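Read the structure below first, then the notes.
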Amino acid sequence: MAVAPGARIYEGTRIPFPTPTVLQLDERLRERGDILQINFGPNHPSTHGVLRLIVDLSGEEVVGLSAVIGYLHTGFEKSMEQKTWWKGITYPERIDYVGFQNNELVFVLAIEKLLELEVPEKATWMRMLLCELNRIHSHLVFLGTAALELGAISMFWYCFRERDLILDLVEMVCGTRMHTRYFQTGGLAEDVPIGFYPQAREFVEWMPKAIDDYERLLSSNEIWLERTRGIGLLSGDDAIALGQSGPVLRASGADWDLRKAEPYLAYDQVQFDVPVYPNGDVYDRYKVRVDEMRESTRIVEQCLDRLEGMEGQPWIADDRKVVLPPRHELHTSMESLIHHFKIVTEGYRVPEGEVYVAIESPRGESGCYVVSDGGAKPWRVKFRAPSFVALEATATCMRDALVADLIAIVGSLDSVMGDTDR
């Protein structure tokens, strides 16, 4: 691997040293009085949430930049430490509210790892199906908003049309369109509803044609190419040094995807490719996400093939100490009623220990670190937020950029501010 600029020598080995996360202004420019300092956000709609960028401009050239975060700080991690494991499941999906299903998954997987709880096969495949639908959903939000900011308004309507189809499927399964709480410790909250599989089949047949339309609209559009190619460059060495993951890392030439490298759920039992592009610009980050939508559609189709042969199989583990008893038993069994009451009111106890679980969310490595002291509440909860890490690359990507490129670059990093601030 080529050595990043500023690499340090450590015990005979070159270690890439992280590039600055703040683009420093040359003070000689300020002394000449040629610098205009402006705020992008935190209220401007083009900043992808409540993000404030302090930008120093010399004419139209960005010569200094720093990101100010914290405007959407919610204290989710500390709030989760005050709730039982049972009640805490509702919080992670509100952290990354665009990749809600994946965030819910990583916390539930962490609890199950501490409990050493086996999950039924049907629940595993359904979790994977919904997480891939959620990945497509997230990339559609990225593509629709990023294109809108560069003037391609029609893309917004097309992307949100398909997004609505996905949310229809989510609503059919969970009763809500976002923040589902469908993944429970031990499996799923309810069985897969009647009619879900045929409707999901219609979606996977339709989606590849829709993606073809997106590419016909953008990939050879002269304005789109001018605004994205060669803009916001992030080399592979810089991406690794800055801890990038997900589409941002793969668009810089690094072939790394946790679904392949460290498989979880049943990703080692499905066929899919990992899109990788070499240039590290806005265009390649767009291409990675478009290709990922195709691959996620392939995975959803394979999940449907498996799930349709699992009719009548259990969807949640049979452990009454951590899993709610079936609702029909509550009318006839006092023991079931007691278990139900105690789990909902007091929660269940998780063995003492600590774990870190990481998954490949739509934005990259989403990690959950939890510590249990043996009680009904987590002693510590900490999320590794890919949006926060991606935002650290903003200054590096803005080198030699113009102010008109700023929003395209910020959009291509695809940070969600709830995930950044937590």
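Here's how to read the names in the structure tokens: chain A, B, ... by the order shown, residue numbers from 1 in each chain, ligand numbers from 1 in the order shown.
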Could you make a table, as a tab-separated table, of the residues of stretch 80-139 of chain A that have an atom within 10 Å of an atom of stretch 384-395 of chain A, each with its nearest atom pair and distance in Å to one decimal, counting only C-alpha atoms, in chain and number order?
```
residue	atom	partner	partner_atom	distance
A:Ile95	CA	A:Ala385	CA	9.0
A:Asp96	CA	A:Ala385	CA	8.5
A:Asn103	CA	A:Ala385	CA	9.8
```
Could you please take those selected residues and save N, CA and C atoms as a PDB file, in the first residue's frame?
```pdb
ATOM      1  N   ILE A  95     -31.450   6.473  16.543  1.00  0.00           N
ATOM      2  CA  ILE A  95     -30.117   7.088  16.414  1.00  0.00           C
ATOM      3  C   ILE A  95     -29.829   7.351  14.940  1.00  0.00           C
ATOM      4  N   ASP A  96     -29.752   6.286  14.154  1.00  0.00           N
ATOM      5  CA  ASP A  96     -29.678   6.439  12.696  1.00  0.00           C
ATOM      6  C   ASP A  96     -31.081   6.200  12.175  1.00  0.00           C
ATOM      7  N   ASN A 103     -29.742  -0.505  12.811  1.00  0.00           N
ATOM      8  CA  ASN A 103     -29.347  -0.088  14.157  1.00  0.00           C
ATOM      9  C   ASN A 103     -30.061  -0.908  15.224  1.00  0.00           C
TER      10      ASN A 103
END
```
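The residue set within 8 Å of A:His339, counting only C-alpha atoms and dropping same-chain residues fewer than 2 places from it, reads Arg320, Lys321, Leu324, Pro325, Glu335, Ser336, Leu337, Phe341, Lys342 and Ile343 of chain A.
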Open item on the list: With only C-alpha atoms as the counted atoms, please give the residues lying no more than 8 Å from A:Gly280, apart from itself and same-chain residues fewer than 4 positions off, as a list of chain:residue names.
Closed with: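 What passes the distance filter is A:Gly232, A:Leu233, A:Leu234, A:Ser235, A:Gly236, A:Val248, A:Ala251, A:Ser252, A:Gly253, A:Asp284, A:Arg285.
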Take the residues from that selection and put them in a file with N, CA and C atoms, as a PDB file, in the first residue's frame.
```
ATOM      1  N   GLY A 232     -14.177  16.132  -4.452  1.00  0.00           N
ATOM      2  CA  GLY A 232     -14.188  15.511  -3.125  1.00  0.00           C
ATOM      3  C   GLY A 232     -13.313  14.284  -3.024  1.00  0.00           C
ATOM      4  N   LEU A 233     -12.096  14.394  -3.513  1.00  0.00           N
ATOM      5  CA  LEU A 233     -11.206  13.232  -3.579  1.00  0.00           C
ATOM      6  C   LEU A 233     -10.774  12.776  -2.192  1.00  0.00           C
ATOM      7  N   LEU A 234     -10.849  11.465  -1.998  1.00  0.00           N
ATOM      8  CA  LEU A 234     -10.392  10.831  -0.759  1.00  0.00           C
ATOM      9  C   LEU A 234      -9.640   9.570  -1.150  1.00  0.00           C
ATOM     10  N   SER A 235      -8.329   9.571  -0.966  1.00  0.00           N
ATOM     11  CA  SER A 235      -7.520   8.425  -1.362  1.00  0.00           C
ATOM     12  C   SER A 235      -7.771   7.237  -0.448  1.00  0.00           C
ATOM     13  N   GLY A 236      -7.379   6.058  -0.903  1.00  0.00           N
ATOM     14  CA  GLY A 236      -7.531   4.867  -0.075  1.00  0.00           C
ATOM     15  C   GLY A 236      -6.759   4.964   1.220  1.00  0.00           C
ATOM     16  N   VAL A 248     -18.135   4.880   1.591  1.00  0.00           N
ATOM     17  CA  VAL A 248     -17.060   5.874   1.497  1.00  0.00           C
ATOM     18  C   VAL A 248     -15.718   5.184   1.332  1.00  0.00           C
ATOM     19  N   ALA A 251     -15.550   3.254  -2.133  1.00  0.00           N
ATOM     20  CA  ALA A 251     -15.394   4.153  -3.270  1.00  0.00           C
ATOM     21  C   ALA A 251     -13.967   4.675  -3.390  1.00  0.00           C
ATOM     22  N   SER A 252     -13.140   4.438  -2.366  1.00  0.00           N
ATOM     23  CA  SER A 252     -11.728   4.829  -2.405  1.00  0.00           C
ATOM     24  C   SER A 252     -10.827   3.639  -2.699  1.00  0.00           C
ATOM     25  N   GLY A 253     -11.420   2.538  -3.155  1.00  0.00           N
ATOM     26  CA  GLY A 253     -10.628   1.416  -3.634  1.00  0.00           C
ATOM     27  C   GLY A 253     -10.395   0.293  -2.647  1.00  0.00           C
ATOM     28  N   ASP A 284     -17.872   8.222  -7.649  1.00  0.00           N
ATOM     29  CA  ASP A 284     -17.676   6.826  -7.246  1.00  0.00           C
ATOM     30  C   ASP A 284     -18.477   6.481  -6.000  1.00  0.00           C
ATOM     31  N   ARG A 285     -18.644   7.446  -5.100  1.00  0.00           N
ATOM     32  CA  ARG A 285     -19.478   7.166  -3.922  1.00  0.00           C
ATOM     33  C   ARG A 285     -20.943   6.983  -4.332  1.00  0.00           C
TER      34      ARG A 285
END
```
TODO: Choose the residue, out of A:Val270, A:Val192, A:Ile231, A:Val344, that has the smallest atom-to-atom separation from A:Trp315; count only C-alpha atoms.
DONE: A:Val192
Open item on the list: Need to verify the contact set: A:Pro263, 12 Å, only C-alpha atoms, exclusion of same-chain residues closer than 3 positions in sequence. Can you return it as number ranges by chain?
Closed with: A: 128, 256-260, 266-270, 357-360
Save the residues we just selected, N, CA and C atoms, as a CSV table (one decimal), in the first residue's frame?
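And here is the file that came out, again.csv:
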```csv
chain,number,residue,atom,x,y,z
A,128,MET,N,-32.4,-10.5,8.0
A,128,MET,CA,-31.5,-10.2,6.9
A,128,MET,C,-32.3,-9.5,5.7
A,256,TRP,N,-13.7,-3.9,1.4
A,256,TRP,CA,-14.0,-4.3,2.8
A,256,TRP,C,-15.4,-4.1,3.1
A,257,ASP,N,-16.1,-5.2,3.4
A,257,ASP,CA,-17.5,-5.3,3.7
A,257,ASP,C,-17.7,-6.3,4.8
A,258,LEU,N,-18.2,-6.0,6.0
A,258,LEU,CA,-18.3,-6.9,7.1
A,258,LEU,C,-19.2,-8.1,6.7
A,259,ARG,N,-20.1,-7.9,5.8
A,259,ARG,CA,-21.0,-9.1,5.4
A,259,ARG,C,-20.2,-10.2,4.7
A,260,LYS,N,-19.1,-9.8,4.1
A,260,LYS,CA,-18.2,-10.8,3.5
A,260,LYS,C,-17.0,-11.1,4.4
A,266,ALA,N,-27.0,-14.7,8.0
A,266,ALA,CA,-26.8,-15.8,7.1
A,266,ALA,C,-26.1,-15.2,5.8
A,267,TYR,N,-25.3,-14.2,6.0
A,267,TYR,CA,-24.7,-13.6,4.8
A,267,TYR,C,-23.7,-14.5,4.1
A,268,ASP,N,-23.2,-15.5,4.8
A,268,ASP,CA,-22.3,-16.5,4.2
A,268,ASP,C,-23.0,-17.5,3.4
A,269,GLN,N,-24.4,-17.4,3.4
A,269,GLN,CA,-25.2,-18.4,2.6
A,269,GLN,C,-25.9,-17.8,1.4
A,270,VAL,N,-25.6,-16.6,1.1
A,270,VAL,CA,-26.2,-15.9,0.0
A,270,VAL,C,-25.1,-15.4,-1.0
A,357,VAL,N,-20.3,-5.8,19.1
A,357,VAL,CA,-20.9,-6.4,17.9
A,357,VAL,C,-20.9,-5.4,16.8
A,358,ALA,N,-20.4,-5.7,15.6
A,358,ALA,CA,-20.4,-4.8,14.4
A,358,ALA,C,-21.1,-5.4,13.3
A,359,ILE,N,-21.9,-4.6,12.6
A,359,ILE,CA,-22.6,-5.0,11.3
A,359,ILE,C,-22.3,-4.0,10.2
A,360,GLU,N,-22.6,-4.3,9.0
A,360,GLU,CA,-22.4,-3.5,7.9
A,360,GLU,C,-23.7,-2.7,7.6
```
Open item on the list: List as a list in words the protein and nucleic acid residues near A:Ile166, meaning an atom at most 9 Å away when only C-alpha atoms are counted, but skip any in the same chain fewer than 2 places from it.
Closed with: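 The contact residues come out as Leu133, Asn134, Ile136, His137, Glu162, Arg163, Asp164, Asp168, Leu169, Val170, Glu171, Arg177, Ala200 and Phe203 of chain A.
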Dump C-alpha atoms for the selected residues as a compact mmCIF listing (two decimals), in the first residue's frame?
```txt
# COMPACT_ATOMS: atom_id res chain seq x y z
CA LEU A 133 -34.65 -3.54 2.33
CA ASN A 134 -33.54 -0.90 4.83
CA ILE A 136 -32.01 0.14 -0.23
CA HIS A 137 -34.27 2.59 1.62
CA GLU A 162 -39.51 3.29 -4.50
CA ARG A 163 -38.83 4.27 -0.89
CA ASP A 164 -42.58 4.29 -0.32
CA ASP A 168 -45.31 -0.30 2.63
CA LEU A 169 -43.59 -3.67 3.16
CA VAL A 170 -42.26 -2.56 6.55
CA GLU A 171 -45.72 -1.39 7.58
CA ARG A 177 -43.35 2.59 8.66
CA ALA A 200 -42.02 -8.47 -1.61
CA PHE A 203 -40.82 -5.27 -5.33
```
- [ ] Using DSSP on the backbone coordinates, identify all residues within stretch 149-312 of chain A classified as strand (DSSP E or B); present the result as a list in words.
- [x] Phe183, Gln184, Gly187 and Leu188 of chain A
Just write the chosen residues, N, CA and C atoms, as a PDB file, in the first residue's frame.
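The resulting file, again_33.pdb, is reproduced below:
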```
ATOM      1  N   PHE A 183     -37.508  -6.432  15.743  1.00  0.00           N
ATOM      2  CA  PHE A 183     -36.482  -7.373  16.185  1.00  0.00           C
ATOM      3  C   PHE A 183     -36.490  -7.412  17.712  1.00  0.00           C
ATOM      4  N   GLN A 184     -36.803  -8.587  18.239  1.00  0.00           N
ATOM      5  CA  GLN A 184     -36.814  -8.774  19.680  1.00  0.00           C
ATOM      6  C   GLN A 184     -35.636  -9.643  20.080  1.00  0.00           C
ATOM      7  N   GLY A 187     -35.437 -13.224  18.490  1.00  0.00           N
ATOM      8  CA  GLY A 187     -36.067 -13.418  17.180  1.00  0.00           C
ATOM      9  C   GLY A 187     -36.867 -12.213  16.742  1.00  0.00           C
ATOM     10  N   LEU A 188     -38.142 -12.445  16.418  1.00  0.00           N
ATOM     11  CA  LEU A 188     -39.022 -11.410  15.889  1.00  0.00           C
ATOM     12  C   LEU A 188     -40.210 -11.199  16.816  1.00  0.00           C
TER      13      LEU A 188
END
```
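Minimum atom-to-atom distance to A:Glu222, evaluated using only C-alpha atoms, belongs to A:Ala152 out of A:Ala152, A:Cys303, A:Lys382, A:Ala239.
Note that atom CA of A:Ala376 and atom CA of A:Thr84 are 5.4 Å apart.
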Open item on the list: List as a ChimeraX atom specification the protein and nucleic acid residues near A:Trp85, meaning an atom at most 8 Å away when only C-alpha atoms are counted, but skip any in the same chain fewer than 5 places from it.
Closed with: /A:111,347-348,376-378
Task: From A:His179, A:Gln244, A:Tyr283, A:Gly70, residue lying nearest A:Ser219 [only C-alpha atoms] - done: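 With only C-alpha atoms as the atom set, the closest residue is A:Tyr283.
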- [ ] Measuring atom to atom with only C-alpha atoms, identify which of A:Val276, A:Ala210, A:Pro314, A:Leu51 is nearest to A:Ile69.
- [x]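 Among the listed residues, A:Leu51 lies closest to A:Ile69.
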- [ ] Just give me the gap between atom CA of A:Pro278 and atom CA of A:Thr396 in Å, one decimal is fine.
- [x] 16.9 Å
Task: Minimum-distance residue to A:Cys159, chosen among A:Glu132, A:Asp213, A:Glu308, A:Asp191 (using only C-alpha atoms) - done: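 Once distances to A:Cys159 are computed over only C-alpha atoms, the minimum belongs to A:Asp213.
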TODO: Run DSSP on the backbone and grab whatever in stretch 187-288 of chain A lands in helix (DSSP H, G or I); send it over as a PyMOL selection string.
DONE: chain A and resi 196-218+222-228+236-241+246-250+258-261+267-269+282-288
Task: Between atom CA of A:Val274 and atom CA of A:Leu249, distance in Å (one decimal) - done: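 Spanning atom CA of A:Val274 to atom CA of A:Leu249 is a straight-line distance of 11.8 Å.
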Quick one: contact table of stretch 263-332 of chain A to stretch 119-126 of chain A, 10 Å max, nearest atom pair and distance in Å to one decimal per residue, counting only C-alpha atoms, chain and number order, as CSV?
```
residue,atom,partner,partner_atom,distance
A:Tyr264,CA,A:Thr124,CA,9.5
A:Leu265,CA,A:Thr124,CA,5.7
A:Ala266,CA,A:Trp125,CA,6.8
A:Tyr267,CA,A:Trp125,CA,9.2
A:Val300,CA,A:Met126,CA,9.3
A:Gln302,CA,A:Trp125,CA,9.4
A:Cys303,CA,A:Trp125,CA,6.0
A:Leu304,CA,A:Trp125,CA,8.4
A:Arg306,CA,A:Trp125,CA,7.5
A:Leu307,CA,A:Lys122,CA,6.6
A:Glu308,CA,A:Lys122,CA,9.8
A:Gly309,CA,A:Lys122,CA,9.6
A:Met310,CA,A:Lys122,CA,6.6
A:Glu311,CA,A:Lys122,CA,8.9
A:Gly312,CA,A:Lys122,CA,9.7
A:Gln313,CA,A:Lys122,CA,6.9
A:Pro314,CA,A:Pro120,CA,6.4
A:Trp315,CA,A:Ala123,CA,5.0
A:Ile316,CA,A:Pro120,CA,6.0
A:Ala317,CA,A:Val119,CA,5.7
A:Asp318,CA,A:Val119,CA,9.3
```
